[in-house]
Amino acid sequence: MDKMDRDILLQVNGLKKHFPIQKGFFKRTVGWVKAVDDVNFFIKKGETLGLVGESGSGKTTTGRSIIRAIEPTDGEVYFRLNGEVVEVSSLEKNELKEFRKHMQIIFQDPYSSLNPRMTVKEIIGEPLLVNNIAKGSELEDRVAELMEAVGLRPEYMIRYPHAFSGGQRQRIGIARSLALNPELVICDEPVSALDVSIQAQTLNLLEDLQEDLDLTYLFISHDLGVIEHISDRVAVMYTGRLVEHAKTEELFKNPKHPYTEALLASMPKPDPKYRGAKKIVFGEVADPANPPSGCYFHPRCPYAQDICKQEYPELKNVGTEEEPHFVTCHFAEKLSLAGVE
Ligand code: SF4
C-alpha cells in the first residue's frame, strides 16, 4: 500500500468480522452477527487511539481481528515495519507468528490472563523462550529488566501470580506484553478490573512506558473518563461500526454524534463543567445480528427523523482537512450537542 502516510503505523480499511448463527442438527447458517462491520481508522506512530463504546459494540472483536487472534471476515490491515508497509491481513500463518512480535495485547482481567501454575519469571519469559530470543541467565536478566520497567521488584520473579495484588498482576501482564519489544500494543480494557486508585497508577505507567519505549496504543475501553485521560484521538463504536472519530479534546468539547453525546451524559462522575445533554438515552445497544433499519442508533436517538429510519448515514468529515472530525449522522452539521469543557 503506497498511500499510507509515513507517520501512520497502523491503517485499518473496511474491517469486518461476522460470526455465523447456526441452528439445527446440521448447523445450518441462518444469519450473521456483524460484530465488526466496515471499520476504518488509522493510528499514527507514538499516539494513542481510544476506542470507546458500550459492551457489545464490537471493540474487543476489532482489536482481536487486527492482530488476527481471530480471523477477520474481510478488510485490510496495514502496518509500517522498518519503513515498509506490511499487509497483516494477507500474511501466511508462519509469517504471522513472526510478525506478532510487533503487535501485542494487554488483556482486561489480570486474574484469569495469568497462568496460576507458572512463576512470574516463566510468565514474562515465555514469549522470549517460545521465540528463541533468550534463555538461561540472559532470559532472567531480561525478565528482571521488564519487571523493573513496570515497577515490580525483580526478586519476586520466583513467586506465583496469587502472591500479587490485582494492580501488580496487571503489571506482570504489561511486562509480558512488552517482552518482545512491540511497536503497537492493543490495550483491551486494561484497567476496568482494577480499583479506581490503582487504575490511575496503571494508566500513568502505560503513559510512561509509551514515552520511554516509543509505543503506540490502541486503547479499548467502555469508560470515557479513562479514554479522555489517555487518548490523543478517540473513535466511538456502535453496533459494529464507527460513528464518530476525532481528536480527544474536540470530541469531548464538540460531539457531533448523538450517541457520543449520550455517552458523555452517562459518565459516572460527570465533569462539574458538563453542560448536560438534552436527553439521556435509555435502552439497549442494537443487536448486531438484527440491527435496525437506517441509522442503527435511531430507536434510541432523541433527534431521529424519518430519514434516519430509512438510510444509513454516510461517513463525513465535519472538521477540516488538517483536523478531521468524522461522523455518521444525517444531521451532524445541524445539531448542537452538549459536550464537556
Ligand atoms: Fe440520530 Fe438520525 Fe443522526 Fe442517527 S442519523 S444519530 S438517528 S439524528
# chains A, B, ... in the order shown; residues from 1 in each chain; ligands from 1
call {"tool": "residues_near_ligand", "arguments": {"ligand": "ligand 1", "cutoff": "7 Å", "atoms": "only C-alpha atoms and all ligand atoms", "output": "MDAnalysis selection string"}}
result
chainID A and resid 257:259 295:298 301:305 308 313 328:332
call {"tool": "residues_around", "arguments": {"residues": "Ser65 in chain A", "least_positions_apart": "4", "cutoff": "9 Å", "atoms": "only C-alpha atoms", "output": "list in words"}}
result
Leu15, Lys16, Lys17, Val36, Thr60, Thr61, Ala69, Ile70, Glu71, Pro72 and Thr73 of chain A
call {"tool": "write_last_selection", "arguments": {"atoms": "N, CA, C and O atoms", "output": "short mmCIF file (atom, residue, chain, number, x, y, z; two decimals), in the first residue's frame"}}
result
data_model
loop_
_atom_site.label_atom_id
_atom_site.label_comp_id
_atom_site.auth_asym_id
_atom_site.auth_seq_id
_atom_site.Cartn_x
_atom_site.Cartn_y
_atom_site.Cartn_z
N LEU A 15 -12.63 -3.17 7.80
CA LEU A 15 -12.52 -4.40 8.61
C LEU A 15 -13.90 -4.94 8.98
O LEU A 15 -14.78 -4.20 9.44
N LYS A 16 -14.08 -6.25 8.75
CA LYS A 16 -15.35 -6.90 9.11
C LYS A 16 -15.07 -8.20 9.85
O LYS A 16 -14.14 -8.93 9.49
N LYS A 17 -15.88 -8.47 10.85
CA LYS A 17 -15.89 -9.79 11.46
C LYS A 17 -17.34 -10.19 11.68
O LYS A 17 -18.03 -9.62 12.54
N VAL A 36 -18.20 -6.71 13.82
CA VAL A 36 -17.42 -5.59 13.30
C VAL A 36 -17.81 -5.46 11.83
O VAL A 36 -17.76 -6.44 11.08
N THR A 60 -13.68 -5.11 21.34
CA THR A 60 -12.71 -6.19 21.57
C THR A 60 -12.51 -7.01 20.30
O THR A 60 -11.39 -7.38 19.96
N THR A 61 -13.61 -7.28 19.59
CA THR A 61 -13.50 -8.06 18.34
C THR A 61 -12.66 -7.31 17.32
O THR A 61 -11.88 -7.91 16.58
N ALA A 69 -5.93 -12.58 16.15
CA ALA A 69 -6.20 -13.59 17.18
C ALA A 69 -7.50 -14.28 16.79
O ALA A 69 -7.73 -15.45 17.12
N ILE A 70 -8.37 -13.55 16.11
CA ILE A 70 -9.49 -14.16 15.38
C ILE A 70 -9.38 -13.68 13.94
O ILE A 70 -8.95 -12.54 13.70
N GLU A 71 -9.75 -14.55 13.00
CA GLU A 71 -9.60 -14.19 11.59
C GLU A 71 -10.71 -13.25 11.15
O GLU A 71 -11.89 -13.56 11.31
N PRO A 72 -10.35 -12.08 10.60
CA PRO A 72 -11.41 -11.19 10.11
C PRO A 72 -12.15 -11.80 8.91
O PRO A 72 -11.58 -12.63 8.20
N THR A 73 -13.37 -11.38 8.71
CA THR A 73 -14.16 -11.85 7.56
C THR A 73 -13.72 -11.12 6.30
O THR A 73 -13.69 -11.69 5.22
#
call {"tool": "select_by_dssp", "arguments": {"residues": "range 72-289 of chain A", "states": "strand (DSSP E)", "output": "number ranges by chain"}}
result
A: 74-81, 84-87, 103-106, 184-188, 216-221, 233-238, 241-247
call {"tool": "closest_atom_pairs", "arguments": {"of": "range 8-79 of chain A", "to": "range 241-253 of chain A", "cutoff": "7 Å", "atoms": "only C-alpha atoms", "output": "Markdown table"}}
result
| residue | atom | partner | partner_atom | distance |
| --- | --- | --- | --- | --- |
| A:Val36 | CA | A:Arg241 | CA | 6.4 |
| A:Asp37 | CA | A:Arg241 | CA | 5.6 |
| A:Asp38 | CA | A:Arg241 | CA | 6.6 |
| A:Val39 | CA | A:Arg241 | CA | 5.8 |
call {"tool": "write_last_selection", "arguments": {"atoms": "N, CA and C atoms", "output": "PDB file, in the first residue's frame"}}
result
ATOM      1  N   VAL A  36     -18.200  -6.711  13.825  1.00  0.00           N
ATOM      2  CA  VAL A  36     -17.417  -5.587  13.296  1.00  0.00           C
ATOM      3  C   VAL A  36     -17.812  -5.458  11.833  1.00  0.00           C
ATOM      4  N   ASP A  37     -18.219  -4.258  11.428  1.00  0.00           N
ATOM      5  CA  ASP A  37     -18.814  -4.133  10.103  1.00  0.00           C
ATOM      6  C   ASP A  37     -18.314  -2.873   9.402  1.00  0.00           C
ATOM      7  N   ASP A  38     -17.280  -3.052   8.601  1.00  0.00           N
ATOM      8  CA  ASP A  38     -16.741  -1.954   7.798  1.00  0.00           C
ATOM      9  C   ASP A  38     -16.130  -0.850   8.666  1.00  0.00           C
ATOM     10  N   VAL A  39     -15.146  -1.238   9.435  1.00  0.00           N
ATOM     11  CA  VAL A  39     -14.490  -0.286  10.339  1.00  0.00           C
ATOM     12  C   VAL A  39     -13.201   0.234   9.679  1.00  0.00           C
TER      13      VAL A  39
END
call {"tool": "residues_around", "arguments": {"residues": "Leu224 in chain A", "least_positions_apart": "5", "cutoff": "8 Å", "atoms": "only C-alpha atoms", "output": "number ranges by chain"}}
result
A: 52, 263-264, 267
call {"tool": "write_last_selection", "arguments": {"atoms": "C-alpha atoms", "output": "mmCIF file, in the first residue's frame"}}
result
data_model
loop_
_atom_site.group_PDB
_atom_site.id
_atom_site.type_symbol
_atom_site.label_atom_id
_atom_site.label_comp_id
_atom_site.auth_asym_id
_atom_site.auth_seq_id
_atom_site.Cartn_x
_atom_site.Cartn_y
_atom_site.Cartn_z
ATOM 1 C CA VAL A 52 -14.904 3.518 23.101
ATOM 2 C CA LEU A 263 -22.098 8.526 26.368
ATOM 3 C CA LEU A 264 -20.772 11.835 27.727
ATOM 4 C CA MET A 267 -20.276 9.329 32.507
#
call {"tool": "residues_around", "arguments": {"residues": "Arg153 in chain A", "least_positions_apart": "4", "cutoff": "12 Å", "atoms": "only C-alpha atoms", "output": "PyMOL selection string"}}
result
chain A and resi 120-121+143-149+157-159+164+168+171-172
call {"tool": "select_by_dssp", "arguments": {"residues": "range 19-193 of chain A", "states": "helix (DSSP H, G or I)", "output": "MDAnalysis selection string"}}
result
chainID A and resid 59:66 88:90 93:102 120:130 136:149 154:158 161:163 166:178
call {"tool": "write_last_selection", "arguments": {"atoms": "C-alpha atoms", "output": "CSV table (one decimal), in the first residue's frame"}}
result
chain,number,residue,atom,x,y,z
A,59,LYS,CA,-14.4,-3.0,20.3
A,60,THR,CA,-12.7,-6.2,21.6
A,61,THR,CA,-13.5,-8.1,18.3
A,62,THR,CA,-11.9,-5.2,16.4
A,63,GLY,CA,-8.7,-5.4,18.5
A,64,ARG,CA,-8.5,-9.2,18.1
A,65,SER,CA,-9.3,-9.0,14.4
A,66,ILE,CA,-6.4,-6.6,13.8
A,88,VAL,CA,-1.1,-8.1,8.1
A,89,SER,CA,-4.4,-9.4,6.7
A,90,SER,CA,-2.7,-11.4,4.0
A,93,LYS,CA,0.4,-18.4,9.3
A,94,ASN,CA,4.2,-18.9,9.6
A,95,GLU,CA,4.8,-15.2,8.6
A,96,LEU,CA,2.1,-14.1,11.1
A,97,LYS,CA,3.8,-15.9,14.0
A,98,GLU,CA,7.0,-13.9,13.3
A,99,PHE,CA,5.0,-10.7,12.8
A,100,ARG,CA,3.1,-10.9,16.0
A,101,LYS,CA,6.2,-9.8,17.9
A,102,HIS,CA,5.4,-6.3,16.7
A,120,VAL,CA,6.3,-14.6,37.2
A,121,LYS,CA,9.6,-15.4,35.6
A,122,GLU,CA,8.0,-18.1,33.4
A,123,ILE,CA,5.0,-15.9,32.6
A,124,ILE,CA,7.1,-12.9,31.5
A,125,GLY,CA,9.9,-15.0,29.9
A,126,GLU,CA,7.6,-17.3,27.9
A,127,PRO,CA,7.4,-15.2,24.8
A,128,LEU,CA,11.2,-14.9,24.8
A,129,LEU,CA,11.6,-18.7,25.2
A,130,VAL,CA,9.0,-19.6,22.6
A,136,GLY,CA,19.1,-19.1,30.9
A,137,SER,CA,20.7,-16.1,32.6
A,138,GLU,CA,20.0,-13.9,29.6
A,139,LEU,CA,16.3,-14.6,30.0
A,140,GLU,CA,16.5,-13.9,33.7
A,141,ASP,CA,18.2,-10.6,33.1
A,142,ARG,CA,15.5,-9.6,30.6
A,143,VAL,CA,12.7,-10.6,32.9
A,144,ALA,CA,14.3,-8.5,35.7
A,145,GLU,CA,14.7,-5.6,33.4
A,146,LEU,CA,11.0,-5.8,32.4
A,147,MET,CA,9.9,-6.1,36.0
A,148,GLU,CA,11.8,-3.0,36.9
A,149,ALA,CA,10.3,-1.2,33.9
A,154,PRO,CA,12.9,-8.4,40.2
A,155,GLU,CA,13.5,-10.6,43.3
A,156,TYR,CA,9.8,-11.5,43.2
A,157,MET,CA,10.2,-13.3,39.9
A,158,ILE,CA,10.1,-16.7,41.5
A,161,PRO,CA,0.6,-14.8,40.5
A,162,HIS,CA,-1.6,-15.4,43.6
A,163,ALA,CA,1.0,-13.6,45.7
A,166,GLY,CA,-4.7,-7.0,41.1
A,167,GLY,CA,-2.7,-4.0,40.1
A,168,GLN,CA,0.6,-5.9,40.4
A,169,ARG,CA,-0.8,-8.7,38.3
A,170,GLN,CA,-1.7,-6.3,35.6
A,171,ARG,CA,1.9,-5.0,35.7
A,172,ILE,CA,3.0,-8.6,35.2
A,173,GLY,CA,0.7,-8.8,32.1
A,174,ILE,CA,2.1,-5.5,30.8
A,175,ALA,CA,5.7,-6.7,31.3
A,176,ARG,CA,4.9,-9.9,29.4
A,177,SER,CA,3.3,-7.9,26.5
A,178,LEU,CA,6.5,-5.8,26.3
call {"tool": "residues_around", "arguments": {"residues": "Met103 in chain A", "least_positions_apart": "6", "cutoff": "7 Å", "atoms": "only C-alpha atoms", "output": "PDB file with all heavy atoms, in the first residue's frame"}}
result
ATOM      1  N   ILE A  67      -5.084  -8.048  15.150  1.00  0.00           N
ATOM      2  CA  ILE A  67      -3.895  -8.854  15.446  1.00  0.00           C
ATOM      3  C   ILE A  67      -4.053 -10.290  14.924  1.00  0.00           C
ATOM      4  O   ILE A  67      -3.153 -11.095  14.991  1.00  0.00           O
ATOM      5  CB  ILE A  67      -3.636  -8.819  16.974  1.00  0.00           C
ATOM      6  CG1 ILE A  67      -2.195  -9.021  17.306  1.00  0.00           C
ATOM      7  CG2 ILE A  67      -4.524  -9.731  17.746  1.00  0.00           C
ATOM      8  CD1 ILE A  67      -1.842  -8.720  18.743  1.00  0.00           C
ATOM      9  N   PRO A 182       7.399  -4.789  21.276  1.00  0.00           N
ATOM     10  CA  PRO A 182       6.433  -4.495  20.217  1.00  0.00           C
ATOM     11  C   PRO A 182       6.392  -2.999  19.891  1.00  0.00           C
ATOM     12  O   PRO A 182       6.781  -2.169  20.715  1.00  0.00           O
ATOM     13  CB  PRO A 182       5.095  -4.922  20.846  1.00  0.00           C
ATOM     14  CG  PRO A 182       5.311  -4.712  22.312  1.00  0.00           C
ATOM     15  CD  PRO A 182       6.754  -5.039  22.571  1.00  0.00           C
ATOM     16  N   GLU A 183       5.902  -2.681  18.689  1.00  0.00           N
ATOM     17  CA  GLU A 183       5.683  -1.273  18.330  1.00  0.00           C
ATOM     18  C   GLU A 183       4.267  -0.853  18.727  1.00  0.00           C
ATOM     19  O   GLU A 183       4.046   0.266  19.173  1.00  0.00           O
ATOM     20  CB  GLU A 183       5.841  -1.059  16.818  1.00  0.00           C
ATOM     21  CG  GLU A 183       7.266  -0.943  16.358  1.00  0.00           C
ATOM     22  CD  GLU A 183       7.831  -2.284  15.944  1.00  0.00           C
ATOM     23  OE1 GLU A 183       7.211  -3.322  16.252  1.00  0.00           O
ATOM     24  OE2 GLU A 183       8.910  -2.306  15.321  1.00  0.00           O
ATOM     25  N   LEU A 184       3.310  -1.767  18.518  1.00  0.00           N
ATOM     26  CA  LEU A 184       1.902  -1.461  18.808  1.00  0.00           C
ATOM     27  C   LEU A 184       1.410  -2.367  19.937  1.00  0.00           C
ATOM     28  O   LEU A 184       1.649  -3.575  19.917  1.00  0.00           O
ATOM     29  CB  LEU A 184       1.033  -1.722  17.570  1.00  0.00           C
ATOM     30  CG  LEU A 184      -0.474  -1.538  17.770  1.00  0.00           C
ATOM     31  CD1 LEU A 184      -0.844  -0.055  17.850  1.00  0.00           C
ATOM     32  CD2 LEU A 184      -1.269  -2.187  16.639  1.00  0.00           C
ATOM     33  N   VAL A 185       0.738  -1.761  20.915  1.00  0.00           N
ATOM     34  CA  VAL A 185       0.125  -2.562  21.980  1.00  0.00           C
ATOM     35  C   VAL A 185      -1.370  -2.283  21.976  1.00  0.00           C
ATOM     36  O   VAL A 185      -1.792  -1.123  22.009  1.00  0.00           O
ATOM     37  CB  VAL A 185       0.729  -2.238  23.365  1.00  0.00           C
ATOM     38  CG1 VAL A 185       0.088  -3.112  24.436  1.00  0.00           C
ATOM     39  CG2 VAL A 185       2.235  -2.455  23.368  1.00  0.00           C
TER      40      VAL A 185
END
call {"tool": "closest_residue", "arguments": {"among": "A:Gly151, A:Asn115, A:Gln108, A:Lys316", "to": "Lys256 in chain A", "atoms": "only C-alpha atoms"}}
result
A:Lys316
call {"tool": "atom_distance", "arguments": {"atom1": "CA of Leu114 in chain A", "atom2": "CA of Leu209 in chain A"}}
result
20.8 Å
call {"tool": "atom_distance", "arguments": {"atom1": "CA of Ser197 in chain A", "atom2": "CA of Gly225 in chain A"}}
result
13.5 Å
